[in-house]
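**Student:** Sending over run.txt (compact mmCIF, C-alpha atoms and all ligand atoms).
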```
# COMPACT_ATOMS: atom_id res chain seq x y z
CA MET P 7 20.14 13.16 49.00
CA TYR P 8 16.69 12.16 47.76
CA SER P 9 13.90 12.34 50.30
CA ASN P 10 11.25 10.78 48.12
CA GLU P 11 9.08 7.96 49.35
CA ILE P 12 9.13 5.13 46.80
CA LEU P 13 6.39 2.52 46.49
CA SER P 14 7.31 -0.66 44.61
CA PRO P 15 4.27 -2.83 43.81
CA THR P 16 4.83 -6.34 42.44
CA SER P 17 1.74 -6.56 40.21
CA LEU P 18 -0.02 -4.25 37.74
CA LYS P 19 -3.23 -4.59 39.76
CA GLU P 20 -1.44 -3.30 42.85
CA ALA P 21 0.26 -0.48 40.86
CA LEU P 22 -3.08 0.69 39.45
CA ALA P 23 -4.67 0.60 42.93
CA ILE P 24 -1.83 2.77 44.30
CA LYS P 25 -2.16 5.24 41.40
CA ASP P 26 -5.92 5.35 42.02
CA GLN P 27 -5.32 6.19 45.68
CA TYR P 28 -2.53 8.80 45.27
CA VAL P 29 -3.61 10.19 41.83
CA ASN P 30 -1.51 13.34 41.13
CA ASP P 31 0.60 12.94 44.29
CA ILE P 32 2.55 10.01 42.85
CA PHE P 33 4.75 9.73 39.73
CA PRO P 34 5.56 6.57 37.80
CA LEU P 35 9.23 5.60 37.66
CA ALA P 36 10.46 3.35 34.83
CA GLY P 37 14.19 3.67 33.98
CA GLY P 38 14.41 6.93 35.93
CA THR P 39 16.75 8.63 33.41
CA ASP P 40 14.36 11.58 33.18
CA VAL P 41 12.61 11.36 36.56
CA LEU P 42 15.75 11.19 38.70
CA VAL P 43 17.36 14.16 36.93
CA MET P 44 14.24 16.21 37.68
CA VAL P 45 14.04 15.01 41.30
CA ARG P 46 17.72 15.71 41.88
CA ASN P 47 17.47 19.21 40.40
CA LYS P 48 14.14 19.84 42.16
CA LEU P 49 12.50 20.90 38.88
CA GLY P 50 8.80 21.83 38.90
CA VAL P 51 6.57 19.42 40.81
CA TRP P 52 9.63 17.26 41.37
CA GLY P 53 10.94 19.86 43.83
CA GLU P 54 8.21 18.92 46.29
CA SER P 55 9.63 15.41 46.80
CA PRO P 56 6.63 13.57 45.33
CA VAL P 57 6.06 9.90 46.04
CA LEU P 58 7.47 7.70 43.26
CA LEU P 59 5.65 4.65 41.90
CA ASN P 60 8.48 2.29 40.96
CA LEU P 61 7.25 -0.13 38.28
CA ASN P 62 10.46 -2.16 38.09
CA ASN P 63 9.28 -4.99 40.36
CA ILE P 64 6.52 -5.97 37.91
CA PRO P 65 8.25 -8.32 35.42
CA LYS P 66 5.01 -8.78 33.45
CA LEU P 67 5.39 -5.19 32.20
CA ASN P 68 8.52 -6.19 30.29
CA PHE P 69 7.47 -7.71 26.94
CA ILE P 70 7.89 -7.31 23.17
CA LEU P 71 5.11 -9.16 21.33
CA GLU P 72 4.32 -9.61 17.65
CA THR P 73 0.67 -10.06 16.67
CA ASP P 74 -0.79 -10.36 13.15
CA SER P 75 -0.99 -6.61 12.69
CA ASN P 76 0.99 -4.97 15.51
CA ILE P 77 4.11 -4.91 17.62
CA GLU P 78 3.30 -4.48 21.32
CA ILE P 79 5.87 -3.10 23.72
CA GLY P 80 5.54 -3.18 27.52
CA PRO P 81 6.33 -0.15 29.71
CA LEU P 82 9.54 -1.60 31.16
CA VAL P 83 11.19 -2.42 27.82
CA THR P 84 14.49 -0.54 27.59
CA HIS P 85 16.11 0.97 24.52
CA THR P 86 18.83 -1.70 24.66
CA GLN P 87 16.21 -4.48 24.66
CA LEU P 88 14.58 -2.91 21.58
CA LEU P 89 17.93 -2.62 19.80
CA GLU P 90 18.59 -6.32 20.43
CA SER P 91 15.08 -7.51 19.50
CA PRO P 92 14.82 -9.41 16.17
CA ILE P 93 11.13 -8.37 16.05
CA ILE P 94 11.96 -4.65 16.17
CA GLN P 95 14.94 -5.09 13.83
CA LYS P 96 12.68 -6.76 11.27
CA HIS P 97 9.53 -4.67 11.57
CA VAL P 98 10.55 -1.19 12.77
CA PRO P 99 14.06 -0.48 11.41
CA ALA P 100 13.59 3.30 11.68
CA LEU P 101 13.07 2.89 15.44
CA ILE P 102 16.33 0.94 15.68
CA LYS P 103 18.11 3.83 13.95
CA ALA P 104 16.51 6.35 16.31
CA ILE P 105 17.25 4.43 19.48
CA SER P 106 20.84 3.60 18.60
CA ILE P 107 21.82 7.25 19.12
CA ILE P 108 19.88 7.92 22.33
CA GLY P 109 22.15 9.23 25.09
CA SER P 110 24.85 6.68 25.81
CA PRO P 111 24.95 2.91 26.47
CA GLN P 112 24.17 3.54 30.15
CA ILE P 113 21.11 5.68 29.29
CA ARG P 114 19.92 3.09 26.74
CA ASN P 115 20.33 0.29 29.31
CA LEU P 116 18.02 2.06 31.78
CA GLY P 117 15.75 4.29 29.69
CA THR P 118 12.50 2.86 28.31
CA LEU P 119 10.41 3.54 25.21
CA THR P 120 7.41 4.32 27.43
CA GLY P 121 9.46 6.80 29.47
CA ASN P 122 10.55 8.51 26.24
CA VAL P 123 6.92 8.76 25.10
CA CYS P 124 5.60 9.97 28.48
CA ARG P 125 8.36 12.59 28.76
CA ALA P 126 6.78 14.05 25.58
CA SER P 127 9.77 16.10 24.50
CA PRO P 128 9.48 17.43 20.93
CA ALA P 129 13.15 16.42 20.58
CA ALA P 130 12.67 12.84 21.83
CA ASP P 131 14.29 10.46 19.38
CA THR P 132 11.66 7.72 19.26
CA LEU P 133 8.64 9.93 18.65
CA ALA P 134 9.03 10.82 14.95
CA THR P 135 8.94 7.15 13.98
CA LEU P 136 6.05 6.42 16.34
CA TYR P 137 4.02 9.27 14.76
CA ALA P 138 4.84 8.06 11.23
CA ARG P 139 3.53 4.64 12.29
CA ASP P 140 0.26 5.99 13.79
CA THR P 141 1.26 4.32 17.04
CA GLN P 142 -1.25 3.89 19.85
CA VAL P 143 -0.70 4.15 23.59
CA GLN P 144 -2.62 1.87 25.96
CA ILE P 145 -3.78 3.59 29.13
CA GLN P 146 -5.12 1.59 32.05
CA THR P 147 -6.91 2.56 35.25
CA VAL P 148 -8.34 0.25 37.92
CA ASN P 149 -11.52 -0.24 35.93
CA ASN P 150 -10.76 0.83 32.36
CA SER P 151 -8.34 0.25 29.50
CA LYS P 152 -8.20 2.16 26.24
CA LEU P 153 -5.95 2.76 23.24
CA VAL P 154 -5.19 6.38 22.36
CA PRO P 155 -3.46 7.57 19.15
CA ILE P 156 -0.04 9.00 20.04
CA LYS P 157 -0.90 12.38 18.51
CA GLU P 158 -3.80 12.67 20.96
CA PHE P 159 -1.78 11.29 23.88
CA ILE P 160 0.96 13.95 23.58
CA THR P 161 -0.58 17.41 23.88
CA GLY P 162 2.49 19.68 24.21
CA PRO P 163 6.08 19.75 25.41
CA GLY P 164 6.14 17.54 28.52
CA GLN P 165 2.36 17.22 28.47
CA ILE P 166 0.38 14.02 28.11
CA ASN P 167 -3.31 13.28 28.07
CA ILE P 168 -3.72 10.63 30.78
CA PRO P 169 -6.26 10.35 33.60
CA GLU P 170 -4.85 11.20 37.06
CA ASN P 171 -5.27 7.56 38.09
CA GLY P 172 -3.90 6.12 34.80
CA LEU P 173 -0.72 4.33 33.79
CA VAL P 174 0.63 3.55 30.32
CA THR P 175 0.65 -0.23 30.02
CA LYS P 176 1.55 -0.79 26.36
CA ILE P 177 2.82 0.93 23.21
CA VAL P 178 1.20 -0.53 20.07
CA ILE P 179 3.04 -0.02 16.76
CA PRO P 180 1.17 -1.13 13.60
CA LYS P 181 3.18 -3.31 11.23
CA LEU P 182 3.77 -1.81 7.78
CA GLU P 183 4.63 -4.60 5.33
CA GLY P 184 6.83 -3.64 2.37
CA TYR P 185 7.54 -0.10 3.59
CA PHE P 186 10.96 1.56 3.59
CA GLY P 187 11.52 3.19 6.99
CA ASP P 188 14.24 5.64 7.94
CA TYR P 189 15.12 8.17 10.65
CA ILE P 190 17.75 10.91 10.57
CA SER P 191 18.54 13.43 13.28
CA LEU P 192 20.87 16.39 13.33
CA ARG P 193 22.56 17.20 16.66
CA GLN P 194 25.84 18.71 17.78
CA ARG P 195 27.40 15.26 18.18
CA TYR P 196 26.16 11.68 18.13
CA ALA P 197 26.40 11.00 21.89
CA LEU P 198 24.78 12.73 24.84
CA SER P 199 23.28 15.58 22.83
CA ILE P 200 19.78 16.77 22.02
CA VAL P 201 18.16 16.75 18.59
CA VAL P 202 18.26 19.99 16.58
CA VAL P 203 15.92 18.63 13.92
CA SER P 204 14.82 15.09 13.08
CA ILE P 205 12.78 13.33 10.44
CA ALA P 206 11.18 9.90 10.15
CA VAL P 207 9.82 8.52 6.88
CA GLU P 208 7.77 5.40 6.16
CA ALA P 209 7.28 4.95 2.40
CA LEU P 210 5.61 2.34 0.21
CA LEU P 211 6.53 2.38 -3.47
CA SER P 212 4.18 1.04 -6.15
CA LYS P 213 5.16 -2.34 -7.65
CA ASP P 214 6.67 -0.70 -10.76
CA ARG P 215 8.42 1.84 -8.45
CA SER P 216 7.04 4.76 -10.44
CA ARG P 217 4.89 6.22 -7.62
CA MET P 218 4.54 6.38 -3.86
CA ASP P 219 1.50 4.33 -2.86
CA ASP P 220 1.89 5.72 0.65
CA ILE P 221 4.28 7.99 2.50
CA ARG P 222 4.29 9.26 6.08
CA ILE P 223 6.72 12.00 7.09
CA SER P 224 7.19 13.16 10.70
CA LEU P 225 9.37 16.02 11.90
CA GLY P 226 10.90 16.38 15.36
CA ALA P 227 12.08 19.54 17.17
CA VAL P 228 10.35 21.91 14.73
CA ALA P 229 7.13 22.46 16.75
CA PRO P 230 5.80 21.97 20.32
CA THR P 231 5.06 18.34 19.44
CA ILE P 232 6.12 16.03 16.62
CA VAL P 233 4.28 17.03 13.40
CA ARG P 234 3.37 15.17 10.24
CA ALA P 235 4.26 16.99 6.99
CA THR P 236 0.83 16.30 5.51
CA LYS P 237 1.05 18.69 2.51
CA THR P 238 4.36 17.16 1.46
CA GLU P 239 2.89 13.67 1.93
CA ILE P 240 0.00 14.54 -0.42
CA LEU P 241 2.38 16.01 -3.03
CA LEU P 242 4.49 12.85 -3.01
CA LYS P 243 1.46 10.54 -3.22
CA SER P 244 -0.15 12.47 -6.09
CA ASN P 245 2.70 12.52 -8.63
CA ALA P 246 5.19 10.25 -10.38
CA PHE P 247 8.20 9.62 -8.12
CA THR P 248 11.06 11.38 -9.94
CA LYS P 249 14.10 13.53 -9.14
CA ASN P 250 11.99 16.54 -10.08
CA LEU P 251 9.29 15.56 -7.55
CA ILE P 252 11.93 15.19 -4.84
CA GLU P 253 13.08 18.76 -5.46
CA LYS P 254 9.47 19.99 -5.20
CA ALA P 255 8.99 18.01 -1.98
CA GLU P 256 12.15 19.52 -0.46
CA LYS P 257 10.77 23.01 -1.12
CA MET P 258 7.32 22.15 0.17
CA ILE P 259 8.50 20.68 3.49
CA ILE P 260 10.60 23.81 4.11
CA GLU P 261 7.45 25.90 3.54
CA GLU P 262 5.37 23.57 5.71
CA SER P 263 7.63 23.44 8.78
CA ARG P 264 7.28 26.09 11.49
CA PRO P 265 10.29 25.73 13.79
CA ILE P 266 11.40 28.16 16.49
CA THR P 267 14.79 29.58 17.40
CA ASP P 268 16.14 28.29 20.72
CA ILE P 269 19.39 27.58 22.48
CA ARG P 270 20.24 24.66 20.17
CA SER P 271 19.55 26.21 16.77
CA ASN P 272 17.73 28.93 14.86
CA LYS P 273 14.53 28.57 12.86
CA ARG P 274 16.15 29.37 9.48
CA TYR P 275 18.62 26.50 9.85
CA ARG P 276 15.97 24.10 11.15
CA LYS P 277 13.63 24.93 8.26
CA ALA P 278 16.36 24.47 5.64
CA MET P 279 17.41 21.16 7.19
CA THR P 280 13.92 19.65 6.93
CA GLY P 281 14.35 19.87 3.12
CA VAL P 282 17.91 18.52 3.18
CA LEU P 283 17.00 15.51 5.34
CA LEU P 284 13.85 14.66 3.38
CA GLY P 285 15.81 14.88 0.11
CA ARG P 286 18.47 12.57 1.50
CA ILE P 287 15.92 9.89 2.39
CA LEU P 288 13.91 10.20 -0.84
CA ARG P 289 17.04 9.94 -3.02
CA GLU P 290 18.04 6.83 -1.09
CA ILE P 291 14.62 5.31 -1.87
CA LEU P 292 14.83 6.33 -5.56
CA SER P 293 18.30 4.82 -5.96
CA HIS P 294 17.25 1.33 -4.78
C1 LIG H 301 22.30 12.08 29.87
C2 LIG H 301 20.99 11.87 29.18
C3 LIG H 301 20.97 11.75 27.80
C4 LIG H 301 19.74 11.56 27.14
N1 LIG H 301 19.76 11.46 25.77
C5 LIG H 301 18.57 11.31 25.11
C6 LIG H 301 18.57 11.25 23.67
O1 LIG H 301 19.60 11.30 23.00
N2 LIG H 301 17.36 11.12 23.07
C7 LIG H 301 16.19 11.05 23.77
O2 LIG H 301 15.12 10.95 23.16
N3 LIG H 301 16.17 11.09 25.13
C8 LIG H 301 17.34 11.23 25.81
N4 LIG H 301 17.33 11.30 27.19
C9 LIG H 301 16.07 11.28 27.92
C10 LIG H 301 15.68 9.89 28.53
O3 LIG H 301 16.79 9.06 28.70
C11 LIG H 301 14.64 9.18 27.68
O4 LIG H 301 13.52 10.00 27.52
C12 LIG H 301 14.22 7.84 28.27
O5 LIG H 301 13.63 7.07 27.26
C13 LIG H 301 13.26 7.98 29.43
O6 LIG H 301 12.89 6.68 29.86
P1 LIG H 301 12.91 6.27 31.41
O7 LIG H 301 12.42 4.87 31.47
O8 LIG H 301 14.22 6.54 32.03
O9 LIG H 301 11.79 7.26 31.97
P2 LIG H 301 11.56 7.77 33.45
O10 LIG H 301 12.58 8.79 33.81
O11 LIG H 301 11.38 6.64 34.39
O12 LIG H 301 10.13 8.47 33.23
C14 LIG H 301 9.96 9.53 32.28
C15 LIG H 301 8.54 10.10 32.40
O13 LIG H 301 7.60 9.10 32.03
C16 LIG H 301 6.66 8.86 33.10
N5 LIG H 301 6.34 7.42 33.05
C17 LIG H 301 7.22 6.39 33.00
N6 LIG H 301 6.55 5.22 32.87
C18 LIG H 301 5.23 5.52 32.87
C19 LIG H 301 4.03 4.74 32.75
N7 LIG H 301 4.05 3.41 32.63
N8 LIG H 301 2.85 5.39 32.75
C20 LIG H 301 2.79 6.75 32.86
N9 LIG H 301 3.89 7.54 32.96
C21 LIG H 301 5.10 6.93 32.96
C22 LIG H 301 7.42 9.29 34.36
O14 LIG H 301 6.56 9.60 35.44
C23 LIG H 301 8.16 10.51 33.83
O15 LIG H 301 7.31 11.61 33.76
C24 LIG H 301 18.53 11.47 27.88
C25 LIG H 301 18.58 11.57 29.28
C26 LIG H 301 19.79 11.76 29.94
C27 LIG H 301 19.81 11.85 31.44
```
Go ahead and render the structure in this file as structure tokens.
**Tutor:**
Amino acid sequence: MYSNEILSPTSLKEALAIKDQYVNDIFPLAGGTDVLVMVRNKLGVWGESPVLLNLNNIPKLNFILETDSNIEIGPLVTHTQLLESPIIQKHVPALIKAISIIGSPQIRNLGTLTGNVCRASPAADTLATLYARDTQVQIQTVNNSKLVPIKEFITGPGQINIPENGLVTKIVIPKLEGYFGDYISLRQRYALSIVVVSIAVEALLSKDRSRMDDIRISLGAVAPTIVRATKTEILLKSNAFTKNLIEKAEKMIIEESRPITDIRSNKRYRKAMTGVLLGRILREILSH
């Protein structure tokens, strides 16, 4: 039995006023696929039956918008909605790939992108792509609204940088025209399992396809937060894009990654797999 009090405002203004009043004694509830597991198992602060701020009665928080330069996603948008969105399919294909293997259909029907971001797990499937895109998170309080880069928003495993009276009200993903985007994760099986190592790549080839004009590489589950493989990015941007360069990049990303050993895998395997997965994506780009 849950003994939590649940407040269900019907407007963002009301939700922000409640958060302002209760500050750290209330927790936002979107799809509940993370929150309710923690409440049920009485984990951490959730063991003290905190008040829940249910956002699901605010339909205005459910939107996917395309602007000239960005895709904007509201905090109630579920993984299933993203999978079915022509805007996301067209502009963020790597996110589609990441979301399609989250949990199970039931989890994807309830779980939201914002919940995945705010949970801040280094193994969360959406985060590698969001880091590769330099995504921004909009945080609102009763009298302020600001955009924060995702790498500043997530500060550690399960830790986010948000004022005690703040709510996330939008995820803003910049459009990248002409880029090739991909996401691969390794896990024990492709349903209801947690990432062992993951990689997202966003790459822009030069017109004659001889060089990388830009490349962003993010790694998941190899550090306390998602990390960008910046040395490998520089190597790939500074040289002709050849099979030989791919081999060098595979070695460099293995050197660059600093994973740990845990219950799901050991650091040697994780390190080796960063090279394998990067090589797989780069060869796919080279062959097109
Ligand atoms: C069986 C199972 C399988 C799973 N498989 C995967 C998987 O394969 N890959 C994966 O990445 N994840 C997985 N998850 C985790 C989870 O489903 C996702 O992280 C999901 O996206 C969370 O979204 P939610 O809307 O349910 O979040 P909630 O549970 O509602 O909230 C998650 C966190 O975000 C906070 N929050 C929510 N909205 C806001 C807001 N607007 N402002 C501030 N804070 C907010 C909550 O307070 C809470 O701390 C799985 C979970 C389960 C139970």
**Student:** Compare P:Leu42, P:Ala21, P:Val178, P:Val233 by their minimum atom-to-atom distance to P:Ser263, counting only C-alpha atoms, and give me the closest one.
**Tutor:**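 Closest to P:Ser263 of all the choices is P:Val233.
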**Student:** Within 12 Å of (23.2, -3.8, 21.0) in the file's own coordinates, which protein, DNA or RNA residues have an atom, counting only C-alpha atoms? List them as a PyMOL selection string.
**Tutor:** chain P and resi 84-92+95+102-103+105-107+110-112+114-115
**Student:** Within 6 Å of ligand LIG 301 (chain H), which residues show up when you count only C-alpha atoms and all ligand atoms? List them as a VMD selection string, please.
**Tutor:** chain P and resid 33 to 41 81 108 to 109 113 116 to 122 124 to 125 130 to 131 173 to 175 198 to 200
**Student:** Can you tell me, as a VMD selection string, what residues are no more than 9 Å from P:Gln146 when counting all atoms listed in the file, ignoring any on the same chain fewer than 5 positions away?
**Tutor:** chain P and resid 22 151 to 153 169 171 to 175
**Student:** Please indicate the distance in Å from atom CA of P:Ile252 to atom CA of P:Ser127, rounded to one decimal place.
**Tutor:**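 We find that atom CA of P:Ile252 and atom CA of P:Ser127 lie 29.4 Å from each other.
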**Student:** Hey, can you pull every residue with an atom no more than 7 Å from (11.3, 8.2, 11.4), using only C-alpha atoms, and send it as a list in words?
**Tutor:** Ala100, Leu101, Ala134, Thr135, Ala138, Gly187, Asp188, Tyr189, Ile205, Ala206, Val207, Glu208 and Ser224 of chain P
**Student:** Taking C-alpha atoms for each residue, export the selection above as an mmCIF file, in the coordinates of the input.
**Tutor:**
```cif
data_model
loop_
_atom_site.group_PDB
_atom_site.id
_atom_site.type_symbol
_atom_site.label_atom_id
_atom_site.label_comp_id
_atom_site.auth_asym_id
_atom_site.auth_seq_id
_atom_site.Cartn_x
_atom_site.Cartn_y
_atom_site.Cartn_z
ATOM 1 C CA ALA P 100 13.590 3.300 11.680
ATOM 2 C CA LEU P 101 13.070 2.890 15.440
ATOM 3 C CA ALA P 134 9.030 10.820 14.950
ATOM 4 C CA THR P 135 8.940 7.150 13.980
ATOM 5 C CA ALA P 138 4.840 8.060 11.230
ATOM 6 C CA GLY P 187 11.520 3.190 6.990
ATOM 7 C CA ASP P 188 14.240 5.640 7.940
ATOM 8 C CA TYR P 189 15.120 8.170 10.650
ATOM 9 C CA ILE P 205 12.780 13.330 10.440
ATOM 10 C CA ALA P 206 11.180 9.900 10.150
ATOM 11 C CA VAL P 207 9.820 8.520 6.880
ATOM 12 C CA GLU P 208 7.770 5.400 6.160
ATOM 13 C CA SER P 224 7.190 13.160 10.700
#
```
**Student:** Give me the residues near P:Leu242 as number ranges by chain, where near means some atom within 10 Å (using only C-alpha atoms) and where sequence neighbours in that chain fewer than 5 positions away do not count.
**Tutor:** P: 209, 217-222, 236-237, 247-248, 251-252, 254-255
**Student:** For P:Val143, which residue out of P:Glu20, P:Glu158, P:Glu11, P:Glu256 is the nearest one, using all atoms listed in the file?
**Tutor:**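 When distances to P:Val143 are compared using all atoms listed in the file, the smallest one comes from P:Glu158.
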**Student:** Please measure the separation of atom CA of P:Asn10 and atom CA of P:Gln165, giving the value in Å to one decimal.
**Tutor:**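 Taking atom CA of P:Asn10 as the start and atom CA of P:Gln165 as the end point, the length is 22.5 Å.
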**Student:** For P:Val98, which residue among P:Ile70, P:Val57, P:Leu182, P:Val201 is the nearest when counting only C-alpha atoms?
**Tutor:** P:Leu182
**Student:** Please measure the separation of atom CA of P:Leu18 and atom CA of P:Lys66, giving the value in Å to one decimal.
**Tutor:** 8.0 Å
**Student:** With only C-alpha atoms as the basis for distance, which of P:Ser216, P:Ala229, P:Ile77, P:Asn150 is at the shortest distance from P:Ala129?
**Tutor:**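 When distances to P:Ala129 are compared using only C-alpha atoms, the smallest one comes from P:Ala229.
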**Student:** Report as lines of an AutoDock Vina configuration file the centre and the edge lengths, in Å to one decimal, of the axis-aligned box holding every listed atom of stretch 246-259 of chain P, padded by 8 Å on each side.
**Tutor:**
```
center_x = 9.6
center_y = 16.3
center_z = -3.4
size_x = 24.9
size_y = 29.4
size_z = 29.9
```
**Student:** Leaving out P:Thr16 and any residue of its chain fewer than 6 positions from it, which residues lie within 9 Å of it when counting all atoms listed in the file, given as an MDAnalysis selection string?
**Tutor:** chainID P and resid 61:65
**Student:** Could you check which of P:Ile145, P:Ile232, P:Val282, P:Gly226 is closest to P:Gly162, using all atoms listed in the file?
**Tutor:**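 Of all the options, P:Ile232 lies closest to P:Gly162.
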